[in-house]
>>> print(open('upload27.pdb').read())   # PDB, C-alpha atoms
ATOM      1  CA  MET A 218      87.540 121.559  94.168
ATOM      2  CA  LYS A 219      85.938 121.922  97.570
ATOM      3  CA  PHE A 220      83.430 119.527  99.072
ATOM      4  CA  THR A 221      81.373 122.033 100.973
ATOM      5  CA  HIS A 222      77.930 120.677 100.245
ATOM      6  CA  GLU A 223      78.478 116.926 100.529
ATOM      7  CA  PRO A 224      77.035 115.150 103.569
ATOM      8  CA  MET A 225      79.614 114.418 106.227
ATOM      9  CA  PHE A 226      78.680 110.752 105.983
ATOM     10  CA  TRP A 227      80.805 110.375 102.835
ATOM     11  CA  PHE A 228      83.950 111.383 104.689
ATOM     12  CA  LEU A 229      83.085 109.134 107.587
ATOM     13  CA  LEU A 230      82.622 106.340 105.032
ATOM     14  CA  VAL A 231      86.214 106.915 103.863
ATOM     15  CA  ALA A 232      87.415 106.867 107.469
ATOM     16  CA  VAL A 233      85.490 103.683 108.286
ATOM     17  CA  SER A 234      86.702 101.935 105.124
ATOM     18  CA  LEU A 235      90.311 102.720 105.986
ATOM     19  CA  LEU A 236      89.707 101.490 109.540
ATOM     20  CA  GLY A 237      88.284  98.173 108.291
ATOM     21  CA  ILE A 238      91.055  97.612 105.737
ATOM     22  CA  GLY A 239      93.713  98.486 108.310
ATOM     23  CA  ILE A 240      92.311  96.089 110.909
ATOM     24  CA  TYR A 241      92.138  93.342 108.309
ATOM     25  CA  GLY A 242      95.771  93.950 107.380
ATOM     26  CA  LEU A 243      96.888  94.103 110.998
ATOM     27  CA  LEU A 244      95.258  90.772 111.842
ATOM     28  CA  SER A 245      96.053  88.892 108.659
ATOM     29  CA  ARG A 246      99.683  89.738 107.912
ATOM     30  CA  LYS A 247     102.772  88.239 109.485
ATOM     31  CA  SER A 248     105.347  90.764 108.322
ATOM     32  CA  ILE A 249     106.146  93.550 110.798
ATOM     33  CA  LEU A 250     106.424  96.046 107.921
ATOM     34  CA  LYS A 251     102.937  95.207 106.680
ATOM     35  CA  MET A 252     101.624  95.520 110.244
ATOM     36  CA  ILE A 253     103.168  98.984 110.574
ATOM     37  CA  ILE A 254     101.615  99.999 107.254
ATOM     38  CA  SER A 255      98.241  98.650 108.438
ATOM     39  CA  ILE A 256      98.497 100.703 111.641
ATOM     40  CA  GLU A 257      99.250 103.771 109.530
ATOM     41  CA  ILE A 258      96.163 103.104 107.408
ATOM     42  CA  ILE A 259      94.054 102.956 110.589
ATOM     43  CA  VAL A 260      95.588 106.205 111.874
ATOM     44  CA  ASN A 261      94.924 107.908 108.535
ATOM     45  CA  GLY A 262      91.305 106.786 108.708
ATOM     46  CA  ALA A 263      91.039 108.347 112.160
ATOM     47  CA  ASN A 264      92.615 111.560 110.835
ATOM     48  CA  VAL A 265      90.101 111.801 107.996
ATOM     49  CA  GLY A 266      87.312 111.367 110.576
ATOM     50  CA  LEU A 267      88.781 114.108 112.763
ATOM     51  CA  ALA A 268      89.065 116.479 109.795
ATOM     52  CA  ALA A 269      85.475 115.697 108.781
ATOM     53  CA  PHE A 270      84.217 116.515 112.280
ATOM     54  CA  ALA A 271      86.303 119.698 112.230
ATOM     55  CA  THR A 272      84.105 121.004 109.399
ATOM     56  CA  GLN A 273      81.192 120.922 111.841
ATOM     57  CA  HIS A 274      82.750 121.811 115.171
ATOM     58  CA  GLY A 275      85.554 124.299 114.523
ATOM     59  CA  ALA A 276      89.337 124.440 114.447
ATOM     60  CA  ASP A 277      90.001 122.021 117.331
ATOM     61  CA  GLY A 278      89.641 118.991 115.084
ATOM     62  CA  ILE A 279      92.263 120.320 112.667
ATOM     63  CA  ILE A 280      94.754 120.943 115.466
ATOM     64  CA  LEU A 281      94.145 117.484 116.882
ATOM     65  CA  THR A 282      94.751 116.082 113.388
ATOM     66  CA  PHE A 283      98.079 117.945 113.276
ATOM     67  CA  PHE A 284      99.078 116.350 116.581
ATOM     68  CA  ALA A 285      97.905 112.928 115.392
ATOM     69  CA  ILE A 286      99.926 113.166 112.167
ATOM     70  CA  ALA A 287     103.063 114.253 114.029
ATOM     71  CA  LEU A 288     102.760 111.478 116.619
ATOM     72  CA  ALA A 289     101.996 108.860 113.965
ATOM     73  CA  ALA A 290     105.115 109.883 112.044
ATOM     74  CA  LEU A 291     107.078 109.496 115.278
ATOM     75  CA  GLU A 292     105.590 106.076 115.844
ATOM     76  CA  VAL A 293     106.549 105.008 112.327
ATOM     77  CA  ALA A 294     110.108 106.226 112.860
ATOM     78  CA  VAL A 295     110.461 104.215 116.076
ATOM     79  CA  GLY A 296     108.754 101.135 114.620
ATOM     80  CA  LEU A 297     110.844 101.103 111.464
ATOM     81  CA  SER A 298     114.090 101.664 113.359
ATOM     82  CA  LEU A 299     113.217  98.714 115.624
ATOM     83  CA  LEU A 300     112.402  96.653 112.538
ATOM     84  CA  ILE A 301     115.706  97.537 110.862
ATOM     85  CA  ILE A 302     117.735  96.681 113.962
ATOM     86  CA  LEU A 303     115.851  93.420 114.485
ATOM     87  CA  ALA A 304     116.305  92.485 110.827
ATOM     88  CA  ARG A 305     119.987  93.317 110.709
ATOM     89  CA  LYS A 306     121.070  91.902 114.052
ATOM     90  CA  TYR A 307     118.736  88.944 114.434
ATOM     91  CA  GLY A 308     117.263  88.387 110.992
ATOM     92  CA  ILE A 309     113.753  88.791 112.398
ATOM     93  CA  THR A 310     111.026  90.365 110.274
ATOM     94  CA  PHE A 311     108.097  88.343 111.624
ATOM     95  CA  PRO A 312     106.663  89.033 115.089
ATOM     96  CA  GLU A 313     106.256  85.333 115.983
ATOM     97  CA  LYS A 314     110.024  85.003 116.304
ATOM     98  CA  LEU A 315     110.229  88.024 118.547
ATOM     99  CA  ASN A 316     110.154  86.397 121.983
ATOM    100  CA  ASN A 317     113.198  87.897 123.725
ATOM    101  CA  LEU A 318     111.112  90.025 126.091
ATOM    102  CA  ARG A 319     109.044  87.079 127.351
ATOM    103  CA  TRP A 320     109.456  86.071 130.953
TER     104      TRP A 320
ATOM    105  CA  MET B 305      81.274 116.853  92.544
ATOM    106  CA  LEU B 306      80.011 113.526  93.814
ATOM    107  CA  LEU B 307      81.721 111.802  90.886
ATOM    108  CA  TYR B 308      85.038 113.417  91.834
ATOM    109  CA  PHE B 309      84.526 112.280  95.404
ATOM    110  CA  LEU B 310      83.665 108.741  94.328
ATOM    111  CA  ILE B 311      86.776 108.525  92.131
ATOM    112  CA  LEU B 312      88.925 109.684  95.076
ATOM    113  CA  PHE B 313      87.174 107.193  97.350
ATOM    114  CA  ALA B 314      87.709 104.321  94.894
ATOM    115  CA  VAL B 315      91.407 105.145  94.543
ATOM    116  CA  VAL B 316      91.830 105.378  98.328
ATOM    117  CA  VAL B 317      90.184 102.002  98.938
ATOM    118  CA  ALA B 318      92.013 100.330  96.031
ATOM    119  CA  THR B 319      95.433 101.607  97.108
ATOM    120  CA  ALA B 320      94.780 100.678 100.752
ATOM    121  CA  ILE B 321      93.891  97.120  99.724
ATOM    122  CA  ALA B 322      96.888  96.990  97.363
ATOM    123  CA  ALA B 323      99.235  98.176 100.131
ATOM    124  CA  ILE B 324      98.160  95.197 102.218
ATOM    125  CA  GLU B 325      97.665  92.525  99.572
ATOM    126  CA  LEU B 326     100.664  92.998  97.243
ATOM    127  CA  THR B 327     103.729  90.885  97.965
ATOM    128  CA  ASN B 328     106.400  92.961  96.214
ATOM    129  CA  LEU B 329     107.371  95.505  98.866
ATOM    130  CA  ILE B 330     108.318  98.232  96.385
ATOM    131  CA  TRP B 331     104.813  98.090  94.917
ATOM    132  CA  VAL B 332     103.440  98.099  98.455
ATOM    133  CA  LEU B 333     105.310 101.355  99.024
ATOM    134  CA  VAL B 334     104.002 102.832  95.764
ATOM    135  CA  ALA B 335     100.420 101.962  96.765
ATOM    136  CA  PHE B 336     100.959 103.322 100.293
ATOM    137  CA  ALA B 337     102.425 106.617  99.045
ATOM    138  CA  THR B 338      99.526 106.991  96.599
ATOM    139  CA  LEU B 339      97.072 106.384  99.441
ATOM    140  CA  LEU B 340      98.718 109.054 101.597
ATOM    141  CA  THR B 341      98.671 111.543  98.714
ATOM    142  CA  GLU B 342      94.991 110.860  98.045
ATOM    143  CA  ILE B 343      94.195 111.499 101.694
ATOM    144  CA  ALA B 344      95.983 114.850 101.365
ATOM    145  CA  LEU B 345      93.640 115.566  98.432
ATOM    146  CA  PHE B 346      90.702 114.914 100.769
ATOM    147  CA  TYR B 347      92.072 117.495 103.186
ATOM    148  CA  PHE B 348      92.499 120.012 100.364
ATOM    149  CA  SER B 349      88.952 119.314  99.220
ATOM    150  CA  LEU B 350      87.587 119.818 102.724
ATOM    151  CA  GLY B 351      89.094 123.312 102.700
ATOM    152  CA  PHE B 352      92.096 122.620 104.951
ATOM    153  CA  PRO B 353      95.119 123.411 102.754
ATOM    154  CA  LEU B 354      97.558 123.608 105.672
ATOM    155  CA  LEU B 355      96.527 120.142 106.833
ATOM    156  CA  GLY B 356      96.903 118.794 103.290
ATOM    157  CA  ALA B 357     100.359 120.306 102.982
ATOM    158  CA  PHE B 358     101.322 118.850 106.371
ATOM    159  CA  GLN B 359     100.034 115.432 105.296
ATOM    160  CA  LEU B 360     102.027 115.639 102.048
ATOM    161  CA  ALA B 361     105.206 116.748 103.808
ATOM    162  CA  VAL B 362     105.098 114.421 106.806
ATOM    163  CA  TYR B 363     103.340 111.339 105.465
ATOM    164  CA  ALA B 364     103.723 111.237 101.691
ATOM    165  CA  GLY B 365     107.219 112.690 102.053
ATOM    166  CA  GLY B 366     108.820 111.642 105.321
ATOM    167  CA  VAL B 367     107.062 108.416 106.207
ATOM    168  CA  ALA B 368     107.159 107.059 102.644
ATOM    169  CA  ILE B 369     110.908 107.686 102.477
ATOM    170  CA  LEU B 370     111.364 106.000 105.873
ATOM    171  CA  VAL B 371     109.453 102.950 104.648
ATOM    172  CA  LEU B 372     111.536 102.919 101.458
ATOM    173  CA  PHE B 373     114.699 103.045 103.545
ATOM    174  CA  ALA B 374     113.440 100.160 105.696
ATOM    175  CA  ILE B 375     112.576  98.086 102.621
ATOM    176  CA  LEU B 376     115.980  98.704 101.055
ATOM    177  CA  THR B 377     117.711  97.848 104.342
ATOM    178  CA  ILE B 378     115.894  94.628 105.214
ATOM    179  CA  GLY B 379     115.484  93.528 101.604
ATOM    180  CA  GLU B 380     112.406  92.180  99.932
ATOM    181  CA  ARG B 381     111.181  88.987 101.494
ATOM    182  CA  GLU B 382     108.234  86.853 100.670
ATOM    183  CA  GLU B 383     105.854  86.782 103.593
ATOM    184  CA  GLU B 384     103.945  83.831 104.905
ATOM    185  CA  ARG B 385     100.254  84.489 105.138
ATOM    186  CA  ARG B 386      98.177  83.924 108.188
ATOM    187  CA  GLU B 387      94.730  82.321 108.125
ATOM    188  CA  SER B 388      92.716  85.388 107.269
ATOM    189  CA  LYS B 389      89.073  84.317 107.647
ATOM    190  CA  LEU B 390      88.957  85.410 111.280
ATOM    191  CA  ALA B 391      90.737  88.654 110.412
ATOM    192  CA  ALA B 392      88.258  89.335 107.623
ATOM    193  CA  GLY B 393      85.374  88.612 110.005
ATOM    194  CA  VAL B 394      86.693  90.929 112.714
ATOM    195  CA  ALA B 395      87.438  93.677 110.163
ATOM    196  CA  LEU B 396      83.961  93.316 108.670
ATOM    197  CA  ALA B 397      82.337  93.474 112.117
ATOM    198  CA  VAL B 398      84.291  96.625 112.981
ATOM    199  CA  PHE B 399      83.462  98.121 109.579
ATOM    200  CA  ILE B 400      79.724  97.492 109.941
ATOM    201  CA  THR B 401      79.604  98.791 113.517
ATOM    202  CA  ALA B 402      81.533 101.928 112.597
ATOM    203  CA  LEU B 403      79.398 102.388 109.493
ATOM    204  CA  ILE B 404      76.216 102.330 111.562
ATOM    205  CA  ALA B 405      77.732 104.849 113.978
ATOM    206  CA  SER B 406      78.795 107.009 111.013
ATOM    207  CA  LEU B 407      75.299 106.864 109.525
ATOM    208  CA  TRP B 408      73.880 107.933 112.846
ATOM    209  CA  MET B 409      76.273 110.859 113.284
ATOM    210  CA  GLY B 410      76.957 111.802 109.671
ATOM    211  CA  LEU B 411      73.386 112.287 108.511
ATOM    212  CA  THR B 412      72.903 115.336 110.699
ATOM    213  CA  THR B 413      75.279 117.505 108.697
ATOM    214  CA  LYS B 414      75.287 121.181 109.488
ATOM    215  CA  PRO B 415      76.627 123.722 106.959
ATOM    216  CA  TYR B 416      80.402 123.426 106.686
ATOM    217  CA  LEU B 417      82.374 125.965 108.682
ATOM    218  CA  ASP B 418      84.838 128.153 106.853
ATOM    219  CA  ILE B 419      87.876 127.867 109.103
ATOM    220  CA  SER B 420      90.653 130.326 108.294
ATOM    221  CA  LEU B 421      94.341 129.925 109.086
ATOM    222  CA  GLU B 422      94.081 132.820 111.542
ATOM    223  CA  GLU B 423      91.392 130.994 113.473
ATOM    224  CA  ILE B 424      93.455 127.790 113.571
ATOM    225  CA  GLY B 425      96.452 129.746 114.876
ATOM    226  CA  LYS B 426      94.333 131.536 117.476
ATOM    227  CA  VAL B 427      92.789 128.303 118.808
ATOM    228  CA  PHE B 428      96.204 126.656 118.834
ATOM    229  CA  ILE B 429      97.801 129.443 120.873
ATOM    230  CA  GLU B 430      94.867 129.761 123.257
ATOM    231  CA  LYS B 431      94.166 126.089 123.925
ATOM    232  CA  TYR B 432      96.943 123.801 122.761
ATOM    233  CA  ALA B 433     100.276 125.632 122.906
ATOM    234  CA  LEU B 434     101.112 124.300 126.378
ATOM    235  CA  LEU B 435     100.317 120.764 125.252
ATOM    236  CA  VAL B 436     103.224 120.888 122.800
ATOM    237  CA  ILE B 437     105.807 120.941 125.627
ATOM    238  CA  PRO B 438     104.819 117.632 127.321
ATOM    239  CA  LEU B 439     104.257 116.113 123.887
ATOM    240  CA  GLY B 440     107.786 117.067 122.892
ATOM    241  CA  PHE B 441     109.208 115.543 126.060
ATOM    242  CA  THR B 442     107.140 112.406 125.457
ATOM    243  CA  ALA B 443     108.489 112.164 121.926
ATOM    244  CA  ILE B 444     112.079 112.545 123.094
ATOM    245  CA  GLY B 445     111.456 109.980 125.849
ATOM    246  CA  ILE B 446     110.043 107.448 123.402
ATOM    247  CA  ILE B 447     112.937 107.764 120.966
ATOM    248  CA  TYR B 448     115.635 107.793 123.639
ATOM    249  CA  GLY B 449     114.018 104.884 125.522
ATOM    250  CA  ALA B 450     113.863 102.736 122.391
ATOM    251  CA  TYR B 451     117.467 103.571 121.549
ATOM    252  CA  TYR B 452     118.638 102.883 125.121
ATOM    253  CA  LEU B 453     116.849  99.535 125.363
ATOM    254  CA  LEU B 454     118.165  98.361 122.026
ATOM    255  CA  SER B 455     121.724  99.498 122.591
ATOM    256  CA  LYS B 456     121.804  97.800 126.025
ATOM    257  CA  LYS B 457     120.396  94.631 124.538
ATOM    258  CA  LEU B 458     122.907  94.647 121.697
ATOM    259  CA  GLU B 459     125.768  95.203 124.168
ATOM    260  CA  LYS B 460     124.642  92.152 126.172
ATOM    261  CA  GLU B 461     124.349  90.044 123.039
ATOM    262  CA  GLU B 462     127.860  90.971 121.938
TER     263      GLU B 462
END
>>> encode(input="upload27.pdb", output="C-alpha cells")
Amino acid sequence: MKFTHEPMFWFLLVAVSLLGIGIYGLLSRKSILKMIISIEIIVNGANVGLAAFATQHGADGIILTFFAIALAALEVAVGLSLLIILARKYGITFPEKLNNLRW
Amino acid sequence: MLLYFLILFAVVVATAIAAIELTNLIWVLVAFATLLTEIALFYFSLGFPLLGAFQLAVYAGGVAILVLFAILTIGEREEERRESKLAAGVALAVFITALIASLWMGLTTKPYLDISLEEIGKVFIEKYALLVIPLGFTAIGIIYGAYYLLSKKLEKEE
C-alpha cells in the first residue's frame, strides 16, 4: 500500500512522536543501553521526517536518510562496544558511575 | 488507507514506549526491533523501497543483533529509575513545539513526487558521491579512536 494522497502532516506526526518519546527515554533512564535505544528512537524519528520531506522536494532527502541510517548504525556500534567494555572491565552500566574522564 | 496508517502509527508509538518502559531487556529488544521494522513499513508505504530495505538490513537486522549481543554480554540487570517528571515535562514541551512546527509545514502538502531509483542514483553521483570519502574516513577515525583510547586505558589499568 502506498500513502500517496495522505497529508505530509501525518508523517511529521510520527516523526515528532518518536522525537518526544526518545527525549523522554533519554532523560528518564539511568541505563546506558536504554539511553542508546532512546537516541536511536530520536534518530529514527528524524529519518522519517527526512523521508517525508523527500516526497515533496526530491531525491536529496532519501540520500540524506541513507547517510543518517549508516552513521546511526556506526554510532550504535561504537556505543555498544564501549558499553560492553565498560560492563566487562569495570562493571559499569550506569552513566553516573562513569567519572574516569573527569578532571 | 487512513486506517492502515493509524494502525501503523499506533504500533510505532506503542513499541517505542515499550522499548523504553519495559524492564526485561529481551522484551525491550523485541519492542525495539518491531519499532524498526514498522518504520521500514513507513518507508515502503511512502514509495521508497530501497530505503525500506536499507532500514530492514541495517537497523532491524544489524543494530538489533548488536543490541542482542550487548544484552547477552552484559546480562540483564534491573535498572534504577530516575525522577521522570522533569523528563516528561521536557519531552512534552519538545513534542508540542515540534507538533506546531509540523502543523505549520505539513499542511501545505504538494502532490507526492514519484522518485525512481534511477533518479536517486543520478542525484547521488552528481551531488553526494564525493561526500562518501570524508564520511568513510570519519567513520574509520571514530572507530579507531574509540578502540585506541580504550585499549590505552585498559593497559594503564592493568
>>> residues_near_point(input="upload27.pdb", point="(97.8, 121.3, 107.3)", cutoff="12 Å", atoms="only C-alpha atoms", output="mmCIF file with C-alpha atoms, keeping the file's coordinate frame")
data_model
loop_
_atom_site.group_PDB
_atom_site.id
_atom_site.type_symbol
_atom_site.label_atom_id
_atom_site.label_comp_id
_atom_site.auth_asym_id
_atom_site.auth_seq_id
_atom_site.Cartn_x
_atom_site.Cartn_y
_atom_site.Cartn_z
ATOM 1 C CA ASN A 264 92.615 111.560 110.835
ATOM 2 C CA ALA A 268 89.065 116.479 109.795
ATOM 3 C CA ALA A 276 89.337 124.440 114.447
ATOM 4 C CA GLY A 278 89.641 118.991 115.084
ATOM 5 C CA ILE A 279 92.263 120.320 112.667
ATOM 6 C CA ILE A 280 94.754 120.943 115.466
ATOM 7 C CA LEU A 281 94.145 117.484 116.882
ATOM 8 C CA THR A 282 94.751 116.082 113.388
ATOM 9 C CA PHE A 283 98.079 117.945 113.276
ATOM 10 C CA PHE A 284 99.078 116.350 116.581
ATOM 11 C CA ALA A 285 97.905 112.928 115.392
ATOM 12 C CA ILE A 286 99.926 113.166 112.167
ATOM 13 C CA ALA A 287 103.063 114.253 114.029
ATOM 14 C CA ILE B 343 94.195 111.499 101.694
ATOM 15 C CA ALA B 344 95.983 114.850 101.365
ATOM 16 C CA LEU B 345 93.640 115.566 98.432
ATOM 17 C CA PHE B 346 90.702 114.914 100.769
ATOM 18 C CA TYR B 347 92.072 117.495 103.186
ATOM 19 C CA PHE B 348 92.499 120.012 100.364
ATOM 20 C CA LEU B 350 87.587 119.818 102.724
ATOM 21 C CA GLY B 351 89.094 123.312 102.700
ATOM 22 C CA PHE B 352 92.096 122.620 104.951
ATOM 23 C CA PRO B 353 95.119 123.411 102.754
ATOM 24 C CA LEU B 354 97.558 123.608 105.672
ATOM 25 C CA LEU B 355 96.527 120.142 106.833
ATOM 26 C CA GLY B 356 96.903 118.794 103.290
ATOM 27 C CA ALA B 357 100.359 120.306 102.982
ATOM 28 C CA PHE B 358 101.322 118.850 106.371
ATOM 29 C CA GLN B 359 100.034 115.432 105.296
ATOM 30 C CA LEU B 360 102.027 115.639 102.048
ATOM 31 C CA ALA B 361 105.206 116.748 103.808
ATOM 32 C CA VAL B 362 105.098 114.421 106.806
ATOM 33 C CA TYR B 363 103.340 111.339 105.465
ATOM 34 C CA SER B 420 90.653 130.326 108.294
ATOM 35 C CA LEU B 421 94.341 129.925 109.086
ATOM 36 C CA ILE B 424 93.455 127.790 113.571
ATOM 37 C CA GLY B 425 96.452 129.746 114.876
#
>>> atom_distance(input="upload27.pdb", atom1="atom CA of B:Ser406", atom2="atom CA of A:Glu292")
27.2 Å
>>> closest_residue(input="upload27.pdb", among="B:Gly449, B:Gly379, B:Gly393, B:Gly366", to="A:Ile240", atoms="all atoms listed in the file")
B:Gly393
>>> resolve_selection(input="upload27.pdb", expression="the PyMOL selection byres ((chain A and resi 252) around 10)", output="VMD selection string")
(chain A and resid 239 to 251 253 to 258 311 to 312) or (chain B and resid 324)
>>> atom_distance(input="upload27.pdb", atom1="atom CA of B:Ala337", atom2="atom CA of B:Asp418")
28.9 Å
>>> resolve_selection(input="upload27.pdb", expression="the PyMOL selection byres ((chain A and resi 293) around 9)", output="PyMOL selection string")
(chain A and resi 253-254+257+288-292+294-298) or (chain B and resi 367+370-371)
>>> atom_distance(input="upload27.pdb", atom1="atom CA of A:Leu229", atom2="atom CA of B:Tyr432")
25.2 Å
>>> closest_residue(input="upload27.pdb", among="B:Phe309, B:Phe399, B:Tyr448, B:Phe441", to="chain A", atoms="all atoms listed in the file")
B:Phe399
>>> closest_residue(input="upload27.pdb", among="B:Val315, B:Glu459, B:Ala335, B:Leu306", to="chain A", atoms="all atoms listed in the file")
B:Leu306
